[in-house]
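Peer 1: Below is the file protein_29.cif, which contains mmCIF, C-alpha atoms.
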```
data_coords
#
loop_
_atom_site.label_atom_id
_atom_site.label_comp_id
_atom_site.auth_asym_id
_atom_site.auth_seq_id
_atom_site.Cartn_x
_atom_site.Cartn_y
_atom_site.Cartn_z
CA MET A 384 -8.96 5.46 -16.11
CA LEU A 385 -7.96 7.01 -12.79
CA ILE A 386 -10.43 7.40 -9.92
CA SER A 387 -10.14 9.40 -6.69
CA GLN A 388 -12.15 11.06 -3.93
CA VAL A 389 -12.35 14.70 -2.89
CA ARG A 390 -13.99 16.17 0.20
CA LYS A 391 -16.51 18.83 -0.82
CA GLU A 392 -17.20 21.97 1.18
CA ASP A 393 -20.39 20.47 2.64
CA GLY A 394 -18.46 17.45 3.90
CA SER A 395 -19.75 15.01 1.29
CA ILE A 396 -17.56 13.13 -1.19
CA ALA A 397 -17.07 13.89 -4.86
CA VAL A 398 -15.80 10.97 -6.94
CA ALA A 399 -13.39 12.16 -9.63
CA VAL A 400 -12.44 10.24 -12.78
CA ARG A 401 -10.03 11.08 -15.56
CA SER A 402 -7.58 9.72 -18.07
CA PRO A 403 -3.95 10.55 -17.19
CA SER A 404 -3.83 13.50 -19.60
CA GLU A 405 -7.23 15.04 -18.84
CA MET A 406 -8.88 17.17 -16.18
CA ALA A 407 -10.85 15.16 -13.63
CA ARG A 408 -14.64 15.29 -13.64
CA ALA A 409 -17.18 14.38 -10.97
CA VAL A 410 -19.20 11.19 -11.42
CA LYS A 411 -22.86 12.18 -11.28
CA GLY A 412 -24.75 10.95 -8.24
CA ALA A 413 -21.81 8.99 -6.84
CA GLU A 414 -21.67 8.82 -3.04
CA SER A 415 -18.17 7.31 -2.92
CA VAL A 416 -15.77 5.03 -4.77
CA TYR A 417 -16.85 2.30 -2.37
CA ALA A 418 -20.51 2.68 -3.32
CA LEU A 419 -19.70 2.57 -7.04
CA ALA A 420 -17.46 -0.47 -6.64
CA MET A 421 -20.03 -2.39 -4.61
CA GLU A 422 -22.73 -1.53 -7.16
CA ALA A 423 -20.51 -2.93 -9.92
CA ALA A 424 -19.51 -6.05 -7.95
CA ASN A 425 -23.08 -6.92 -7.00
CA ALA A 426 -24.43 -6.29 -10.51
CA GLY A 427 -21.71 -8.23 -12.28
CA LYS A 428 -20.64 -5.15 -14.23
CA SER A 429 -17.32 -3.43 -14.70
CA LEU A 430 -16.67 -0.25 -12.75
CA LYS A 431 -16.33 1.63 -16.04
CA GLU A 432 -19.81 0.47 -17.07
CA VAL A 433 -21.28 1.80 -13.84
CA ILE A 434 -19.48 5.13 -14.23
CA ASP A 435 -20.47 5.48 -17.90
CA ALA A 436 -24.11 4.82 -17.01
CA ARG A 437 -24.07 7.68 -14.51
CA GLY A 438 -22.06 10.07 -16.63
CA VAL A 439 -19.71 12.84 -15.51
CA GLY A 440 -20.31 16.48 -14.71
CA ASP A 441 -18.28 19.35 -13.33
CA GLU A 442 -14.52 19.55 -13.61
CA ILE A 443 -12.51 18.98 -10.42
CA ASP A 444 -9.09 20.54 -9.94
CA LEU A 445 -7.27 17.72 -8.14
CA GLU A 446 -4.06 19.70 -7.64
CA LYS A 447 -6.01 22.51 -5.96
CA ALA A 448 -7.86 20.01 -3.74
CA TYR A 449 -4.53 18.40 -2.87
CA ALA A 450 -3.03 21.76 -1.85
CA GLU A 451 -6.10 22.49 0.28
CA GLY A 452 -5.93 19.13 2.07
CA ARG A 453 -9.23 17.91 0.61
CA LEU A 454 -8.01 14.79 -1.17
CA LEU A 455 -9.17 11.64 0.59
CA SER A 456 -7.80 8.14 0.34
CA PRO A 457 -9.10 6.94 -3.05
CA ILE A 458 -11.35 4.43 -1.33
CA THR A 459 -12.81 4.56 2.17
CA HIS A 460 -15.36 2.42 3.99
CA PRO A 461 -18.32 3.84 5.95
CA ASP A 462 -17.04 1.76 8.88
CA PRO A 463 -13.20 1.98 8.97
CA ALA A 464 -12.99 -1.35 10.80
CA HIS A 465 -14.06 -3.01 7.54
CA LEU A 466 -11.10 -1.73 5.54
CA HIS A 467 -8.03 -3.95 5.86
CA LEU A 468 -4.43 -2.83 5.30
CA THR A 469 -2.19 -5.82 4.59
CA GLY A 470 0.87 -6.67 2.54
CA THR A 471 3.52 -9.08 1.36
CA GLY A 472 7.30 -8.91 1.41
CA LEU A 473 10.29 -10.38 -0.43
CA THR A 474 8.28 -10.35 -3.64
CA HIS A 475 10.52 -8.20 -5.84
CA LEU A 476 13.71 -9.15 -7.65
CA GLY A 477 16.50 -7.53 -5.68
CA SER A 478 14.45 -7.14 -2.50
CA ALA A 479 16.31 -9.92 -0.72
CA ALA A 480 19.59 -8.03 -0.87
CA THR A 481 18.13 -5.08 1.03
CA ARG A 482 16.37 -7.28 3.56
CA ASP A 483 19.38 -9.52 4.06
CA ALA A 484 21.62 -6.53 4.73
CA MET A 485 19.15 -5.30 7.35
CA HIS A 486 19.12 -8.71 9.03
CA LYS A 487 22.87 -9.38 8.86
CA LYS A 488 23.88 -11.57 11.82
CA THR A 489 26.45 -10.01 14.11
CA THR A 490 28.08 -13.41 14.57
CA GLU A 491 29.05 -13.52 10.85
CA ALA A 492 27.91 -17.00 9.93
CA ALA A 493 29.53 -18.84 7.05
CA GLU A 494 28.91 -17.17 3.69
CA GLU A 495 27.16 -20.23 2.29
CA THR A 496 24.58 -20.14 5.09
CA LEU A 497 21.30 -18.72 3.87
CA THR A 498 19.33 -16.45 6.16
CA ASP A 499 15.59 -17.04 6.54
CA SER A 500 14.99 -13.99 4.35
CA MET A 501 17.12 -15.45 1.58
CA LYS A 502 15.35 -18.80 1.90
CA MET A 503 11.96 -17.11 1.58
CA PHE A 504 13.15 -15.11 -1.41
CA ARG A 505 14.48 -18.23 -3.13
CA MET A 506 11.13 -19.97 -2.58
CA GLY A 507 9.46 -17.11 -4.42
CA ILE A 508 11.93 -17.29 -7.31
CA GLU A 509 11.29 -21.02 -7.67
CA GLY A 510 7.53 -21.12 -7.09
CA GLY A 511 6.04 -17.62 -7.04
CA LYS A 512 4.73 -17.65 -10.60
CA PRO A 513 2.77 -20.89 -10.96
CA LYS A 514 1.41 -22.21 -14.24
CA PRO A 515 -2.35 -21.88 -14.90
CA GLY A 516 -4.27 -24.27 -12.69
CA GLU A 517 -1.43 -24.62 -10.19
CA THR A 518 -0.94 -23.01 -6.78
CA GLY A 519 2.32 -21.21 -6.16
CA VAL A 520 4.32 -20.87 -2.98
CA GLN A 521 2.85 -18.54 -0.38
CA PRO A 522 4.70 -15.28 0.34
CA GLU A 523 5.67 -13.53 3.52
CA TRP A 524 2.49 -11.79 4.74
CA PHE A 525 1.79 -9.05 7.27
CA TYR A 526 -1.07 -7.05 8.74
CA LYS A 527 -0.86 -3.28 9.10
CA GLY A 528 -4.24 -2.31 10.49
CA ASN A 529 -7.71 -1.23 9.46
CA GLY A 530 -9.16 1.94 7.98
CA THR A 531 -8.27 3.96 11.07
CA SER A 532 -4.61 3.50 10.03
CA ALA A 533 -5.17 4.70 6.46
CA VAL A 534 -3.78 8.23 6.05
CA ALA A 535 -5.05 10.43 3.24
CA PRO A 536 -2.59 11.83 0.69
CA GLY A 537 -1.04 15.06 1.93
CA HIS A 538 -1.65 14.25 5.57
CA ALA A 539 1.01 13.25 8.10
CA LEU A 540 2.16 9.69 8.66
CA VAL A 541 2.58 9.54 12.42
CA SER A 542 5.35 7.39 13.83
CA PRO A 543 4.45 6.02 17.29
CA ALA A 544 6.35 7.39 20.27
CA PHE A 545 7.79 3.93 20.97
CA ALA A 546 9.04 3.46 17.39
CA GLU A 547 12.75 3.32 16.65
CA ASP A 548 12.31 4.62 13.10
CA GLY A 549 9.69 5.79 10.64
CA GLY A 550 10.63 5.06 7.05
CA GLU A 551 8.96 4.85 3.67
CA GLU A 552 8.36 1.80 1.50
CA PRO A 553 7.28 2.67 -2.08
CA GLU A 554 4.91 -0.05 -3.26
CA MET A 555 1.99 -0.88 -5.49
CA ALA A 556 -1.24 -1.73 -3.68
CA GLY A 557 -4.12 -3.76 -5.03
CA ILE A 558 -7.54 -2.32 -4.12
CA TYR A 559 -10.45 -4.75 -3.66
CA VAL A 560 -14.07 -4.96 -2.50
CA ILE A 561 -15.93 -8.10 -1.46
CA SER A 562 -19.37 -8.50 -3.04
CA ASP A 563 -22.49 -9.34 -1.07
CA LYS A 564 -21.90 -12.97 -2.11
CA GLY A 565 -18.40 -13.00 -0.65
CA VAL A 566 -16.54 -12.74 -3.95
CA PRO A 567 -13.39 -10.54 -4.14
CA TYR A 568 -13.31 -7.97 -6.95
CA ARG A 569 -10.25 -5.95 -7.87
CA ILE A 570 -10.83 -2.25 -8.59
CA GLY A 571 -7.24 -1.63 -9.64
CA PHE A 572 -3.88 -0.55 -8.32
CA ALA A 573 -2.50 2.52 -6.56
CA VAL A 574 0.85 3.83 -5.38
CA ALA A 575 1.33 3.22 -1.66
CA ASN A 576 3.68 4.16 1.16
CA GLU A 577 3.87 1.10 3.39
CA PHE A 578 5.29 3.08 6.32
CA SER A 579 7.44 0.88 8.59
CA ASP A 580 9.93 0.80 11.47
CA HIS A 581 13.01 -0.66 9.79
CA LYS A 582 15.23 -0.25 12.81
CA THR A 583 12.99 -2.55 14.85
CA GLU A 584 12.75 -5.02 11.98
CA ARG A 585 16.55 -5.10 11.67
CA VAL A 586 16.95 -6.37 15.24
CA ASN A 587 15.25 -9.66 14.37
CA TYR A 588 12.98 -10.67 11.50
CA LEU A 589 10.55 -12.10 14.08
CA TRP A 590 9.79 -8.48 14.97
CA LEU A 591 8.52 -7.86 11.45
CA ALA A 592 4.92 -7.80 12.71
CA HIS A 593 5.77 -5.07 15.23
CA SER A 594 7.53 -3.01 12.57
CA LYS A 595 4.51 -3.10 10.25
CA LEU A 596 1.66 -2.41 12.68
CA ARG A 597 1.23 1.31 11.99
CA GLN A 598 -0.15 3.79 9.50
CA ALA A 599 0.09 3.70 5.72
CA SER A 600 -1.01 5.90 2.84
CA PHE A 601 -2.07 5.10 -0.72
CA GLY A 602 -3.29 6.96 -3.79
CA PRO A 603 -4.14 9.73 -4.44
CA GLU A 604 -5.67 7.90 -7.43
CA ILE A 605 -6.49 4.30 -8.28
CA ARG A 606 -5.64 3.08 -11.76
CA ILE A 607 -8.67 0.98 -12.71
CA GLY A 608 -7.82 -2.41 -14.19
CA MET A 609 -4.76 -4.64 -14.21
CA ALA A 610 -1.31 -3.24 -13.54
CA PRO A 611 1.31 -2.99 -16.31
CA GLU A 612 3.97 -5.69 -16.47
CA ASP A 613 6.73 -3.13 -15.96
CA ILE A 614 6.11 -0.27 -13.50
CA ARG A 615 8.76 2.40 -13.01
CA GLY A 616 8.55 4.98 -10.29
CA THR A 617 10.54 7.32 -8.10
CA SER A 618 10.73 7.54 -4.31
CA ARG A 619 12.19 10.63 -2.67
CA ILE A 620 12.49 12.35 0.69
CA LEU A 621 12.36 16.13 0.97
CA ARG A 622 13.87 17.95 3.92
CA GLY A 623 13.64 21.71 4.26
CA GLY A 624 12.31 21.99 0.71
CA LYS A 625 15.29 20.15 -0.79
CA VAL A 626 15.68 16.59 -1.98
CA LEU A 627 17.51 14.62 0.73
CA TRP A 628 17.32 11.26 -1.02
CA GLU A 629 15.89 10.02 -4.32
CA LYS A 630 15.91 6.65 -6.03
CA PRO A 631 13.96 4.88 -8.77
CA PHE A 632 11.92 1.80 -7.92
CA LEU A 633 10.58 -1.00 -10.07
CA SER A 634 7.40 -3.01 -9.70
CA GLY A 635 5.02 -5.01 -11.88
CA GLU A 636 5.35 -8.71 -12.57
CA ALA A 637 8.36 -8.23 -14.87
CA ASN A 638 10.28 -7.12 -11.78
CA MET A 639 8.77 -9.53 -9.25
CA SER A 640 9.41 -13.08 -8.09
CA HIS A 641 5.67 -13.62 -7.54
CA SER A 642 2.73 -13.01 -9.84
CA PHE A 643 -0.04 -10.72 -8.62
CA ALA A 644 -2.48 -13.62 -9.05
CA ASN A 645 -0.43 -15.80 -6.71
CA LEU A 646 -0.20 -13.08 -4.07
CA GLU A 647 -3.95 -12.41 -4.35
CA HIS A 648 -4.74 -16.12 -4.04
CA HIS A 649 -2.78 -16.49 -0.83
CA HIS A 650 -4.51 -13.48 0.70
CA PHE A 651 -8.09 -14.22 -0.26
CA LYS A 652 -7.88 -17.98 0.35
CA TYR A 653 -8.75 -17.14 3.96
CA GLU A 654 -12.49 -16.90 4.54
CA LEU A 655 -11.83 -14.08 7.00
CA PHE A 656 -10.80 -11.89 4.06
CA ARG A 657 -13.93 -12.61 2.03
CA ALA A 658 -16.45 -11.00 4.36
CA PRO A 659 -19.19 -9.32 2.28
CA GLY A 660 -18.83 -5.55 1.99
CA ASP A 661 -15.22 -5.34 3.18
CA VAL A 662 -12.47 -3.34 1.47
CA HIS A 663 -8.90 -4.59 1.12
CA VAL A 664 -5.79 -2.56 0.39
CA HIS A 665 -3.07 -5.15 -0.17
CA MET A 666 0.50 -3.91 -0.65
CA PHE A 667 2.82 -5.99 -2.80
CA GLY A 668 6.31 -5.22 -1.50
CA THR A 669 9.34 -3.25 -2.66
CA ALA A 670 13.08 -3.49 -3.26
CA THR A 671 13.86 0.18 -2.58
CA LEU A 672 14.29 1.72 0.88
CA SER A 673 16.04 4.91 1.96
CA PHE A 674 16.87 3.08 5.20
CA GLY A 675 18.96 0.64 3.18
CA ASP A 676 21.05 3.63 2.03
CA GLY A 677 21.66 4.82 5.58
CA ILE A 678 19.00 7.56 5.64
CA ARG A 679 17.47 8.36 9.03
CA THR A 680 14.22 10.25 8.69
CA GLU A 681 13.27 13.23 10.85
CA LYS A 682 10.07 14.96 11.86
CA GLY A 683 8.93 17.22 9.02
CA ASP A 684 10.52 15.18 6.24
CA ILE A 685 8.18 14.72 3.28
CA PHE A 686 7.85 11.35 1.55
CA GLU A 687 7.00 11.58 -2.16
CA ILE A 688 6.30 8.50 -4.26
CA GLU A 689 5.16 8.48 -7.87
CA ALA A 690 4.87 6.03 -10.75
CA ALA A 691 4.16 6.71 -14.42
CA GLY A 692 0.54 6.03 -15.31
CA PHE A 693 -0.75 6.07 -11.72
CA GLY A 694 -1.73 9.74 -11.42
CA LEU A 695 -0.65 12.31 -8.90
CA ALA A 696 2.35 11.69 -6.66
CA LEU A 697 1.67 10.43 -3.14
CA ARG A 698 3.03 12.93 -0.60
CA ASN A 699 2.99 12.65 3.18
CA PRO A 700 4.99 14.53 5.83
CA LEU A 701 6.44 12.60 8.76
CA ALA A 702 5.20 13.36 12.28
CA ILE A 703 6.24 11.83 15.61
CA ALA A 704 3.61 11.01 18.21
CA GLY A 705 4.04 12.25 21.77
CA ASP A 706 4.42 9.85 24.67
CA ASN A 707 1.20 8.07 25.55
CA GLU A 708 1.54 5.88 28.62
CA ILE A 709 -0.82 2.93 28.46
CA THR A 710 -2.32 1.63 31.69
CA ILE A 711 -4.32 -1.58 31.77
CA HIS A 712 -7.30 -1.43 34.15
CA GLN A 713 -8.97 -4.35 35.85
CA LEU A 714 -12.76 -4.60 35.59
#
```
Can the structure from this file be put into structure tokens for me?
Peer 2:
Amino acid sequence: MLISQVRKEDGSIAVAVRSPSEMARAVKGAESVYALAMEAANAGKSLKEVIDARGVGDEIDLEKAYAEGRLLSPITHPDPAHLHLTGTGLTHLGSAATRDAMHKKTTEAAEETLTDSMKMFRMGIEGGKPKPGETGVQPEWFYKGNGTSAVAPGHALVSPAFAEDGGEEPEMAGIYVISDKGVPYRIGFAVANEFSDHKTERVNYLWLAHSKLRQASFGPEIRIGMAPEDIRGTSRILRGGKVLWEKPFLSGEANMSHSFANLEHHHFKYELFRAPGDVHVHMFGTATLSFGDGIRTEKGDIFEIEAAGFGLALRNPLAIAGDNEITIHQL
């Protein structure tokens, strides 16, 4: 089942559900995906049980809503500060090659010398999929922002004026709510664009945090339940209505050095991330970047990311913010 949110003409939210081959229908009496998910988490029910109990009504044309700019992020929080955008890196087989090329030392160290990226990747290969009852190695982790940084499908991803680059990262994101008792519950998975500044990151891996602290987009739909073992998608950039760059990407545990369970454990082990009522959008990394192929994005480029079984493609144009001089004032 796929679930999404549409802004109605009166400003309220319609929650839409469908199977991949069917027209979406509105969930009766649903205020938001967040409200449904919290109801399920607090009642100890599945989200499908809560939806089935309410029933569905009118058909919703998601493509039409998309074209009209009325698709919302597939989950939002009434207070955006309580939605967390986070992620992990070096989690996919093949991802180290792209990262290592970005971080190549200008001094040309000996070939047998492993970079920190390669060391982290090797740790994941050796300990990222622990046996039941064991704890695996922790991954690289980063923070992107809160709900104010979440951009709805179809809307512009804005690169800061100080950024060196604004590039896509096609990823899967896990979507979670925290129950009133502080227990994390997974809704499902969605396609995500973990928008980053790869040029800044390339200077030094210690600038990774700076490169990640910006907007991201996910959706338009959440696939309820666990993700398939093997996920195959396509990432492309359109410029002037034509495809500038296109490449397949792989995700799912069959193509990863870490299990989803291990990545989830190392995120939610922190009490900070188990605050009742919070929403988490946790992105699981990628091995495919246009930047790695020498592409330099421009204002007006359109990012398009899709994966079979995850609903509508995620599309966002690129915008560049104007200069905004920051002055610190003394109280």
Peer 1: Counting only C-alpha atoms, select every polymer residue within 9 Å of (-1.0, 8.5, -11.6) as defined in the file's coordinates, and provide the selection as a list in words.
Peer 2: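 Residues with an atom at most 9 Å from (-1.0, 8.5, -11.6): Leu385, Pro403, Ala573, Val574, Gly602, Pro603, Glu604, Ile605, Arg606, Glu689, Ala690, Ala691, Gly692, Phe693, Gly694, Leu695 and Ala696 of chain A.
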Peer 1: My list of candidates is A:His475, A:Lys630, A:Arg408, A:Arg619. Which is closest to Leu697 in chain A when distances are computed with all atoms listed in the file?
Peer 2: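 For Leu697 in chain A, the nearest of the candidates is A:Arg619.
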Peer 1: Apply the PyMOL selection byres ((chain A and resi 654-668) around 8) to the displayed file and report the matching residues as a PyMOL selection string.
Peer 2: chain A and resi 421+459-460+465-475+552-567+575+577+646+650-653+669-670
Peer 1: State, in Å with one decimal place, the distance from CA of Ala637 in chain A to CA of Ile614 in chain A.
Peer 2: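 Answer for the CA of Ala637 in chain A to CA of Ile614 in chain A separation: 8.4 Å.
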Peer 1: Exactly which residues make up the result of the PyMOL selection byres ((chain A and resi 507) around 10) on this file, given as a PyMOL selection string?
Peer 2: chain A and resi 473-476+501-506+508-512+519-523+639-642
Peer 1: I would like the residues chosen by the PyMOL selection byres ((chain A and resi 539) around 6) on the shown file; could you give them as a PDB file with C-alpha atoms, keeping the file's coordinate frame?
Peer 2:
```
ATOM      1  CA  HIS A 538      -1.650  14.250   5.570  1.00  0.00           C
ATOM      2  CA  LEU A 540       2.160   9.690   8.660  1.00  0.00           C
ATOM      3  CA  VAL A 541       2.580   9.540  12.420  1.00  0.00           C
ATOM      4  CA  ASN A 699       2.990  12.650   3.180  1.00  0.00           C
ATOM      5  CA  PRO A 700       4.990  14.530   5.830  1.00  0.00           C
ATOM      6  CA  LEU A 701       6.440  12.600   8.760  1.00  0.00           C
ATOM      7  CA  ALA A 702       5.200  13.360  12.280  1.00  0.00           C
TER       8      ALA A 702
END
```
Peer 1: Enter the distance from CA of Leu455 in chain A to CA of Asp580 in chain A, in Å, rounded to one decimal.
Peer 2: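 Atom-to-atom, CA of Leu455 in chain A to CA of Asp580 in chain A, that is 24.5 Å.
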